[in-house]
Amino acid sequence: MVYMIGIHGGMKQVPGISYLFRRGARYVFYRRIPLDLVGKADVTRADRKKLGTFDKVSLGTNDIDQAKRRLPEEVLKFDKRMEAIRKAHGLRPHDALTAEQVDRFAAAWRRKVIEDLIADPEHARWQTEGGEHSTRDTFADVLADAEDEGLDNGWRATAPEVDALLADEGLKVRHSEEAFRRLCRELLETKRLALSVIDRLRAYERVSAADFVVDKAGEGPRCSEAMAAWIAEKTKGWVQKTRDEHEVWSQRFLEARGDRPLSTYRKQDGREFRALLQKLPKSWTLQPVLKGLGIVEAAEKARSLGLPPMSDKNVNKLVDYVGSFWRWAARHYDEAPPNPFAGLKLALQTSARDERHPFTLEELRTIFSAPRFVGCAGLKQLNEPGAYVPRDRGVFWVPLLALFSGARLGELVQLRTADVLEFGGHWVISIHENAEDMRLKTAHSARVVPVHPELVAFGFLDFVKARRDADDERLFPELKKGEDGYYSSPFSKSFARWLRILGIKDRKNAFHSFRHNFIDARRAAGVSDEQGNALVGHALKGQGARYGVAFRTPAQVVPLVEAMARIRYEGLNLDHLRVAAPKAARRRAS
């Protein structure tokens, strides 16, 4: 059942979807005509009928889903039609305001309002006892309207007044532009200050405009200047993808909240930017109906069209991108405010464990009995049965290493041949970031992981020796970096495609599922949390984490070797992978 709200001329609006109404059993597109076009001849019609206040078009259906699908097309047609009419009538195109203009206009308006009140204190002191509004009531009513509009839309309360003030300057600015909305918020702040001025005048206090008109000196550099310095400093340690992501979203923050002196930003800027993100769909720049739009206009249009928003997890990621700038700014500028994004991450409804599931026993059997593990037709025919097993390639070893070490994909594909070594008489894998193109997820990720006995039985150490004998520096030299600078990206994508070929891919499994399998097997084997955390690179907990260097010396690795030997996968027969596996086992696997 669809519940309706908002009645317009016998029509009821579909809640949450702008411009979609229902009249009787049929759905219609219903939208207000821009104010500057009301009464103008509609040049798109043969009869050039004058435009009224609203435009109404039947969507030709009584099915809500069909109506939602047809709505975006009508929105685009309306926008194009209005632009054509505006052009035909020679109406001035919309102007764009610079940050400096916004600052100048806002300061001038504020000074005029406050100086006018001080110049005529008796008028400001006047209070009504009847039904008339006093000067104070006029300001207070606008602020009350802004509060009723809510955090995202409070600017609308002063929009008509800002339109008129800009018209006095010979300007017309789209309401969707952040510069316009910032002016609206600045005017709201002016009205709040005006209430303070009036209250002080009524108390017959001495009032000076200088007490209320902010001096812009000492507010620090503009946000864009500080962001440029941040990007320049961080670029040295970022791969290109990381740099691009942080730069793009910091620029979108400026587009949405305006480029202002550092000290002028507040928590509200963080809240409103997050609210904007919550309206945007995933990959919004690729959506045809949003293509070419700025972030503010795209968010509003996406909401009005009912497009599904991006996930809370993705919102948090973008909040963190911009929040990282403010954390940096606090360390570099005296004028920087407290981080506007502190504490603004959304509470996710699922735990980290729920984001990825381990592979089921049947899925593991499917994976390790596929042609690339029992015999395929060749490197370019890995999914076709044959006699070739790619034991000299990452496609064979990387999944096995993940299953029997719990290591992350990024940690495995960047390994060097020198990272598999004897340590205190035991073979281990050293996971680190001591080379230029090696990276770890966290500081706790650096560790040594004993080579599981099953990997030895599968011939892993022989593979490592062959790589060394060939003078290969990397353990998997055939695995190349992706365009984002990570070795893991191409492998992750090809692995996901392979799972689909095997018929076992779902939204809860991925290569990372091997890590969950290992952690579950570790628990089943009775390996302690302290040893388990050391094996997978999680931070140690409790008082023990504060002292010494755990599991890094030869003597300390012995308990990990013993713990690793206990980890097994009951019901998963991998005898066909052993170097000297019985022929019967090979036949069972195939």
# chains A, B, ... in the order shown; residues from 1 in each chain; ligands from 1
$ residues_around --residues "segment 79-89 of chain A" --least-positions-apart "5" --cutoff "9 Å" --atoms "only C-alpha atoms" --output "JSON, numbers by chain"
{"A": [33, 34, 36, 37, 40, 41, 42, 43, 44, 74]}
$ closest_residue --among "A:Val527, A:Ala387, A:Ile504, A:Val536" --to "Ala402 of chain A" --atoms "only C-alpha atoms"
A:Val536
$ select_by_dssp --residues "segment 292-424 of chain A" --states "strand (DSSP E)" --output "PyMOL selection string"
chain A and resi 376-378+381-385+420-423
$ write_last_selection --atoms "C-alpha atoms" --output "short mmCIF file (atom, residue, chain, number, x, y, z; two decimals), in the first residue's frame"
data_model
loop_
_atom_site.label_atom_id
_atom_site.label_comp_id
_atom_site.auth_asym_id
_atom_site.auth_seq_id
_atom_site.Cartn_x
_atom_site.Cartn_y
_atom_site.Cartn_z
CA CYS A 376 43.57 -27.41 -16.75
CA ALA A 377 44.19 -26.87 -20.46
CA GLY A 378 46.77 -24.08 -19.97
CA GLN A 381 42.42 -21.93 -20.34
CA LEU A 382 42.44 -22.23 -16.56
CA ASN A 383 38.77 -23.22 -16.43
CA GLU A 384 38.98 -26.03 -18.97
CA PRO A 385 40.05 -29.55 -17.89
CA VAL A 420 59.98 -16.76 2.95
CA LEU A 421 62.89 -17.65 5.22
CA GLU A 422 64.13 -19.85 8.02
CA PHE A 423 63.75 -18.19 11.41
#
$ select_by_dssp --residues "segment 296-533 of chain A" --states "helix (DSSP H, G or I)" --output "JSON, numbers by chain"
{"A": [296, 297, 298, 299, 300, 301, 302, 303, 304, 305, 312, 313, 314, 315, 316, 317, 318, 319, 320, 321, 322, 323, 324, 325, 326, 327, 328, 329, 330, 331, 332, 352, 353, 354, 355, 361, 362, 363, 364, 365, 366, 367, 368, 371, 372, 373, 374, 394, 395, 396, 397, 398, 399, 400, 401, 402, 403, 404, 405, 409, 410, 411, 412, 413, 417, 418, 419, 443, 444, 445, 453, 454, 455, 456, 457, 460, 461, 462, 463, 464, 465, 466, 467, 468, 469, 488, 489, 490, 491, 492, 493, 494, 495, 496, 497, 498, 499, 500, 501, 502, 513, 514, 515, 516, 517, 518, 519, 520, 521, 522, 523, 524, 529, 530, 531, 532, 533]}
$ write_last_selection --atoms "C-alpha atoms" --output "short mmCIF file (atom, residue, chain, number, x, y, z; two decimals), in the first residue's frame"
data_model
loop_
_atom_site.label_atom_id
_atom_site.label_comp_id
_atom_site.auth_asym_id
_atom_site.auth_seq_id
_atom_site.Cartn_x
_atom_site.Cartn_y
_atom_site.Cartn_z
CA VAL A 296 24.51 19.74 -4.29
CA GLU A 297 22.20 19.71 -7.29
CA ALA A 298 22.86 16.00 -7.88
CA ALA A 299 21.95 15.15 -4.28
CA GLU A 300 18.68 17.08 -4.50
CA LYS A 301 17.75 15.55 -7.84
CA ALA A 302 18.65 12.03 -6.68
CA ARG A 303 16.41 12.48 -3.63
CA SER A 304 13.54 13.88 -5.69
CA LEU A 305 13.77 10.97 -8.14
CA ASP A 312 26.20 3.90 5.17
CA LYS A 313 29.59 2.20 4.92
CA ASN A 314 30.44 4.25 1.84
CA VAL A 315 29.19 7.46 3.49
CA ASN A 316 31.56 6.74 6.40
CA LYS A 317 34.46 6.23 4.00
CA LEU A 318 33.86 9.60 2.36
CA VAL A 319 33.39 11.33 5.72
CA ASP A 320 36.77 9.93 6.71
CA TYR A 321 38.41 11.23 3.51
CA VAL A 322 37.42 14.82 4.31
CA GLY A 323 37.81 14.36 8.07
CA SER A 324 41.43 13.38 7.53
CA PHE A 325 42.10 16.87 6.16
CA TRP A 326 40.68 18.51 9.27
CA ARG A 327 42.75 16.27 11.53
CA TRP A 328 45.83 17.39 9.58
CA ALA A 329 44.75 21.04 9.66
CA ALA A 330 44.42 20.97 13.45
CA ARG A 331 48.12 20.04 13.67
CA HIS A 332 49.26 22.73 11.21
CA ALA A 352 32.61 -6.42 10.51
CA ARG A 353 32.13 -10.20 10.52
CA ASP A 354 28.74 -9.88 8.79
CA GLU A 355 30.28 -7.95 5.90
CA LEU A 361 32.93 -26.44 3.25
CA GLU A 362 31.18 -27.22 -0.04
CA GLU A 363 32.43 -23.96 -1.59
CA LEU A 364 36.01 -24.77 -0.51
CA ARG A 365 35.68 -28.20 -2.11
CA THR A 366 34.44 -26.56 -5.32
CA ILE A 367 37.33 -24.07 -5.35
CA PHE A 368 40.12 -26.57 -4.77
CA PRO A 371 40.68 -27.34 -13.13
CA ARG A 372 43.45 -24.94 -12.04
CA PHE A 373 44.06 -27.19 -8.99
CA VAL A 374 43.55 -30.63 -10.53
CA GLY A 394 50.00 -17.04 -8.12
CA VAL A 395 46.60 -18.34 -9.29
CA PHE A 396 47.57 -21.64 -7.67
CA TRP A 397 49.43 -20.49 -4.55
CA VAL A 398 47.73 -17.29 -3.43
CA PRO A 399 44.36 -18.92 -2.48
CA LEU A 400 46.20 -21.75 -0.68
CA LEU A 401 48.40 -19.31 1.21
CA ALA A 402 45.31 -17.33 2.26
CA LEU A 403 43.54 -20.46 3.50
CA PHE A 404 46.54 -21.70 5.49
CA SER A 405 47.92 -18.39 6.77
CA LEU A 409 45.31 -10.61 -0.34
CA GLY A 410 47.37 -7.40 -0.46
CA GLU A 411 49.93 -8.90 1.92
CA LEU A 412 50.34 -12.05 -0.17
CA VAL A 413 50.57 -10.69 -3.71
CA THR A 417 61.17 -14.40 -2.42
CA ALA A 418 63.32 -13.20 0.49
CA ASP A 419 60.18 -12.95 2.65
CA ALA A 443 50.86 -0.94 12.04
CA HIS A 444 49.90 -4.24 13.72
CA SER A 445 49.96 -6.07 10.37
CA PRO A 453 52.74 -28.01 7.28
CA GLU A 454 50.11 -28.49 4.56
CA LEU A 455 51.75 -25.82 2.42
CA VAL A 456 55.06 -27.66 2.77
CA ALA A 457 53.32 -30.86 1.69
CA PHE A 460 55.36 -24.40 -1.47
CA LEU A 461 59.00 -24.35 -0.36
CA ASP A 462 60.04 -25.99 -3.65
CA PHE A 463 58.16 -23.23 -5.49
CA VAL A 464 59.98 -20.56 -3.46
CA LYS A 465 63.36 -22.17 -4.23
CA ALA A 466 62.54 -22.25 -7.95
CA ARG A 467 61.73 -18.55 -7.85
CA ARG A 468 65.01 -17.77 -6.12
CA ASP A 469 66.97 -19.91 -8.57
CA SER A 488 45.74 -6.81 -5.14
CA SER A 489 43.17 -5.02 -7.34
CA PRO A 490 43.50 -7.06 -10.58
CA PHE A 491 43.73 -10.35 -8.64
CA SER A 492 40.65 -9.50 -6.56
CA LYS A 493 38.58 -8.76 -9.66
CA SER A 494 39.69 -11.89 -11.52
CA PHE A 495 39.06 -14.02 -8.41
CA ALA A 496 35.51 -12.66 -8.13
CA ARG A 497 34.90 -13.48 -11.82
CA TRP A 498 36.21 -16.98 -11.21
CA LEU A 499 33.82 -17.51 -8.28
CA ARG A 500 30.96 -16.57 -10.62
CA ILE A 501 32.20 -19.11 -13.19
CA LEU A 502 32.21 -21.72 -10.42
CA SER A 513 36.48 -15.02 3.01
CA PHE A 514 39.64 -17.19 3.25
CA ARG A 515 40.74 -14.99 6.17
CA HIS A 516 37.45 -15.69 7.94
CA ASN A 517 37.91 -19.42 7.28
CA PHE A 518 41.36 -19.32 8.86
CA ILE A 519 40.14 -17.41 11.93
CA ASP A 520 37.29 -19.91 12.40
CA ALA A 521 39.71 -22.84 12.04
CA ARG A 522 42.06 -21.19 14.54
CA ARG A 523 39.26 -20.97 17.10
CA ALA A 524 38.20 -24.56 16.44
CA ASP A 529 43.30 -15.17 21.04
CA GLU A 530 46.78 -13.79 21.73
CA GLN A 531 48.40 -16.26 19.36
CA GLY A 532 45.56 -15.94 16.86
CA ASN A 533 45.90 -12.16 16.75
#
$ closest_residue --among "A:Glu177, A:Glu473, A:Asp103, A:Asp55" --to "Ile295 of chain A" --atoms "only C-alpha atoms"
A:Glu177
$ atom_distance --atom1 "atom CA of Met11 of chain A" --atom2 "atom CA of Lys56 of chain A"
10.7 Å
$ closest_residue --among "A:Ser208, A:Leu165, A:Glu186, A:Gly60" --to "Ala119 of chain A" --atoms "only C-alpha atoms"
A:Ser208
$ decode --residues "segment 327-386 of chain A" --atoms "C-alpha atoms" --output "compact mmCIF listing (two decimals), in the first residue's frame"
# COMPACT_ATOMS: atom_id res chain seq x y z
CA ARG A 327 42.75 16.27 11.53
CA TRP A 328 45.83 17.39 9.58
CA ALA A 329 44.75 21.04 9.66
CA ALA A 330 44.42 20.97 13.45
CA ARG A 331 48.12 20.04 13.67
CA HIS A 332 49.26 22.73 11.21
CA TYR A 333 47.10 25.83 11.73
CA ASP A 334 46.31 27.74 14.91
CA GLU A 335 43.13 29.00 13.27
CA ALA A 336 41.75 25.53 12.46
CA PRO A 337 38.53 24.69 14.33
CA PRO A 338 37.82 21.32 15.99
CA ASN A 339 37.30 18.65 13.33
CA PRO A 340 33.79 19.30 11.89
CA PHE A 341 33.51 15.56 11.15
CA ALA A 342 34.52 14.22 14.57
CA GLY A 343 31.93 11.70 15.76
CA LEU A 344 29.87 11.92 12.55
CA LYS A 345 30.40 8.41 11.23
CA LEU A 346 27.14 6.50 10.96
CA ALA A 347 26.54 3.50 13.21
CA LEU A 348 26.55 0.50 10.89
CA GLN A 349 23.86 -2.09 11.40
CA THR A 350 26.12 -5.04 10.63
CA SER A 351 29.29 -6.14 12.35
CA ALA A 352 32.61 -6.42 10.51
CA ARG A 353 32.13 -10.20 10.52
CA ASP A 354 28.74 -9.88 8.79
CA GLU A 355 30.28 -7.95 5.90
CA ARG A 356 32.02 -11.09 4.60
CA HIS A 357 31.23 -14.71 5.27
CA PRO A 358 33.75 -17.57 5.30
CA PHE A 359 33.46 -20.00 2.42
CA THR A 360 31.31 -23.00 3.26
CA LEU A 361 32.93 -26.44 3.25
CA GLU A 362 31.18 -27.22 -0.04
CA GLU A 363 32.43 -23.96 -1.59
CA LEU A 364 36.01 -24.77 -0.51
CA ARG A 365 35.68 -28.20 -2.11
CA THR A 366 34.44 -26.56 -5.32
CA ILE A 367 37.33 -24.07 -5.35
CA PHE A 368 40.12 -26.57 -4.77
CA SER A 369 38.77 -29.22 -7.12
CA ALA A 370 38.50 -26.73 -10.02
CA PRO A 371 40.68 -27.34 -13.13
CA ARG A 372 43.45 -24.94 -12.04
CA PHE A 373 44.06 -27.19 -8.99
CA VAL A 374 43.55 -30.63 -10.53
CA GLY A 375 44.52 -30.03 -14.17
CA CYS A 376 43.57 -27.41 -16.75
CA ALA A 377 44.19 -26.87 -20.46
CA GLY A 378 46.77 -24.08 -19.97
CA LEU A 379 47.40 -20.62 -18.54
CA LYS A 380 44.86 -19.07 -20.88
CA GLN A 381 42.42 -21.93 -20.34
CA LEU A 382 42.44 -22.23 -16.56
CA ASN A 383 38.77 -23.22 -16.43
CA GLU A 384 38.98 -26.03 -18.97
CA PRO A 385 40.05 -29.55 -17.89
CA GLY A 386 43.49 -30.70 -18.98
